[in-house]
Amino acid sequence: MAVKDTHKAFERLKDAGYSKEMAEALLETLSESWDTLATKADIEAARGDVKALEAATKADIEAVRGDVKALEAATKADIEAVRGDVKALEAATKADIEAVRGDVKALEAAIKLDIEAVRGDLEANKKESKADLKALENETKSGLKALETALRTDTRELELRMRLHLYAVAIVVIGVLAALELIPR
């Protein structure tokens, strides 16, 4: 309720029982605050600003959602790539194991052949000297032990390489998951 006719308002206040001084003070106080009151146009303009801000905020939210979806898709692609790498490494490791098994079988066959040859030689030379036979037998045993030791060393080295490959893949996967914040801290 805006009071524009101060004389009319003054008369109404006096008729209502206000003293002249009280009516003047009240009207003066009201006239000072009229300039700071919001009009309907001010309120409508503010509503328009709020609606524009709301629309801009919704657009920003949709843009962020799009970014999140794109990041999610990229992350899934990265995970699939890592899975492919792990499968390839697994296949390569299995192939290495099979190759070593083949080498072990070939070595075993060769050792068996060597043993048979030595036995044949021993039988042919048995009459010559028991001392020579004993020396040859000791030499063969020593060679077998060396081969077994070398085979164990090679097997341990292969196992170590395989573990290192698997650890490296695990570290990469953990790094990717940590970067994507899929692993709780």
# chains A, B, ... in the order shown; residues from 1 in each chain; ligands from 1

$ residues_around --residues "A:Lys20" --least-positions-apart "5" --cutoff "10 Å" --atoms "only C-alpha atoms" --output "VMD selection string"
chain A and resid 10 to 11 13 to 14 25 to 26

$ residues_around --residues "A:Asp154" --least-positions-apart "5" --cutoff "12 Å" --atoms "only C-alpha atoms" --output "MDAnalysis selection string"
chainID A and resid 97 100:101 103:104 147:149 159:161

$ write_last_selection --atoms "C-alpha atoms" --output "PDB file, in the first residue's frame"
ATOM      1  CA  ILE A  97      55.651 -72.432 -19.860  1.00  0.00           C
ATOM      2  CA  VAL A 100      60.031 -74.735 -21.123  1.00  0.00           C
ATOM      3  CA  ARG A 101      58.127 -77.988 -20.676  1.00  0.00           C
ATOM      4  CA  ASP A 103      62.741 -78.086 -23.447  1.00  0.00           C
ATOM      5  CA  VAL A 104      62.607 -80.134 -20.240  1.00  0.00           C
ATOM      6  CA  LEU A 147      72.041 -80.544 -15.129  1.00  0.00           C
ATOM      7  CA  GLU A 148      69.428 -80.790 -12.389  1.00  0.00           C
ATOM      8  CA  THR A 149      70.877 -77.738 -10.669  1.00  0.00           C
ATOM      9  CA  GLU A 159      58.941 -68.472 -12.391  1.00  0.00           C
ATOM     10  CA  LEU A 160      60.436 -65.172 -11.231  1.00  0.00           C
ATOM     11  CA  ARG A 161      59.969 -63.618 -14.684  1.00  0.00           C
TER      12      ARG A 161
END

$ closest_residue --among "A:Leu27, A:Leu182, A:Val176, A:Leu107" --to "A:Ala77" --atoms "only C-alpha atoms"
A:Val176

$ closest_residue --among "A:Leu122, A:Leu30, A:Ala170, A:Ala91" --to "A:Lys134" --atoms "only C-alpha atoms"
A:Leu122

$ atom_distance --atom1 "atom CA of A:Leu158" --atom2 "atom CA of A:Asp96"
8.5 Å

$ residues_around --residues "A:Leu136" --least-positions-apart "4" --cutoff "10 Å" --atoms "only C-alpha atoms" --output "PDB file with N, CA and C atoms, in the first residue's frame"
ATOM      1  N   VAL A 118      76.128 -94.363 -22.043  1.00  0.00           N
ATOM      2  CA  VAL A 118      77.136 -94.597 -21.008  1.00  0.00           C
ATOM      3  C   VAL A 118      77.042 -96.036 -20.524  1.00  0.00           C
ATOM      4  N   ARG A 119      75.826 -96.504 -20.347  1.00  0.00           N
ATOM      5  CA  ARG A 119      75.665 -97.896 -19.907  1.00  0.00           C
ATOM      6  C   ARG A 119      76.270 -98.866 -20.948  1.00  0.00           C
ATOM      7  N   ASP A 121      78.657 -98.219 -23.071  1.00  0.00           N
ATOM      8  CA  ASP A 121      80.126 -98.118 -22.988  1.00  0.00           C
ATOM      9  C   ASP A 121      80.655 -98.846 -21.759  1.00  0.00           C
ATOM     10  N   LEU A 122      79.916 -98.726 -20.678  1.00  0.00           N
ATOM     11  CA  LEU A 122      80.346 -99.384 -19.449  1.00  0.00           C
ATOM     12  C   LEU A 122      80.339-100.903 -19.617  1.00  0.00           C
ATOM     13  N   LYS A 130      87.585-102.122 -13.377  1.00  0.00           N
ATOM     14  CA  LYS A 130      86.533-101.692 -12.453  1.00  0.00           C
ATOM     15  C   LYS A 130      86.774-100.237 -12.004  1.00  0.00           C
ATOM     16  N   ALA A 131      88.010 -99.856 -11.943  1.00  0.00           N
ATOM     17  CA  ALA A 131      88.333 -98.490 -11.525  1.00  0.00           C
ATOM     18  C   ALA A 131      87.847 -97.474 -12.544  1.00  0.00           C
ATOM     19  N   ASP A 132      88.045 -97.831 -13.843  1.00  0.00           N
ATOM     20  CA  ASP A 132      87.573 -96.915 -14.888  1.00  0.00           C
ATOM     21  C   ASP A 132      86.051 -96.814 -14.852  1.00  0.00           C
ATOM     22  N   THR A 140      79.325 -89.312 -14.454  1.00  0.00           N
ATOM     23  CA  THR A 140      77.953 -89.223 -14.965  1.00  0.00           C
ATOM     24  C   THR A 140      77.016 -88.659 -13.899  1.00  0.00           C
ATOM     25  N   LYS A 141      77.158 -89.148 -12.684  1.00  0.00           N
ATOM     26  CA  LYS A 141      76.319 -88.643 -11.587  1.00  0.00           C
ATOM     27  C   LYS A 141      76.547 -87.151 -11.366  1.00  0.00           C
ATOM     28  N   SER A 142      77.778 -86.772 -11.425  1.00  0.00           N
ATOM     29  CA  SER A 142      78.102 -85.352 -11.242  1.00  0.00           C
ATOM     30  C   SER A 142      77.469 -84.503 -12.344  1.00  0.00           C
TER      31      SER A 142
END

$ closest_residue --among "A:Val169, A:Leu144, A:Val68, A:Ala179" --to "A:Ala110" --atoms "only C-alpha atoms"
A:Leu144

$ closest_residue --among "A:Lys127, A:Arg47, A:Lys76, A:Lys112" --to "A:Leu180" --atoms "only C-alpha atoms"
A:Lys76
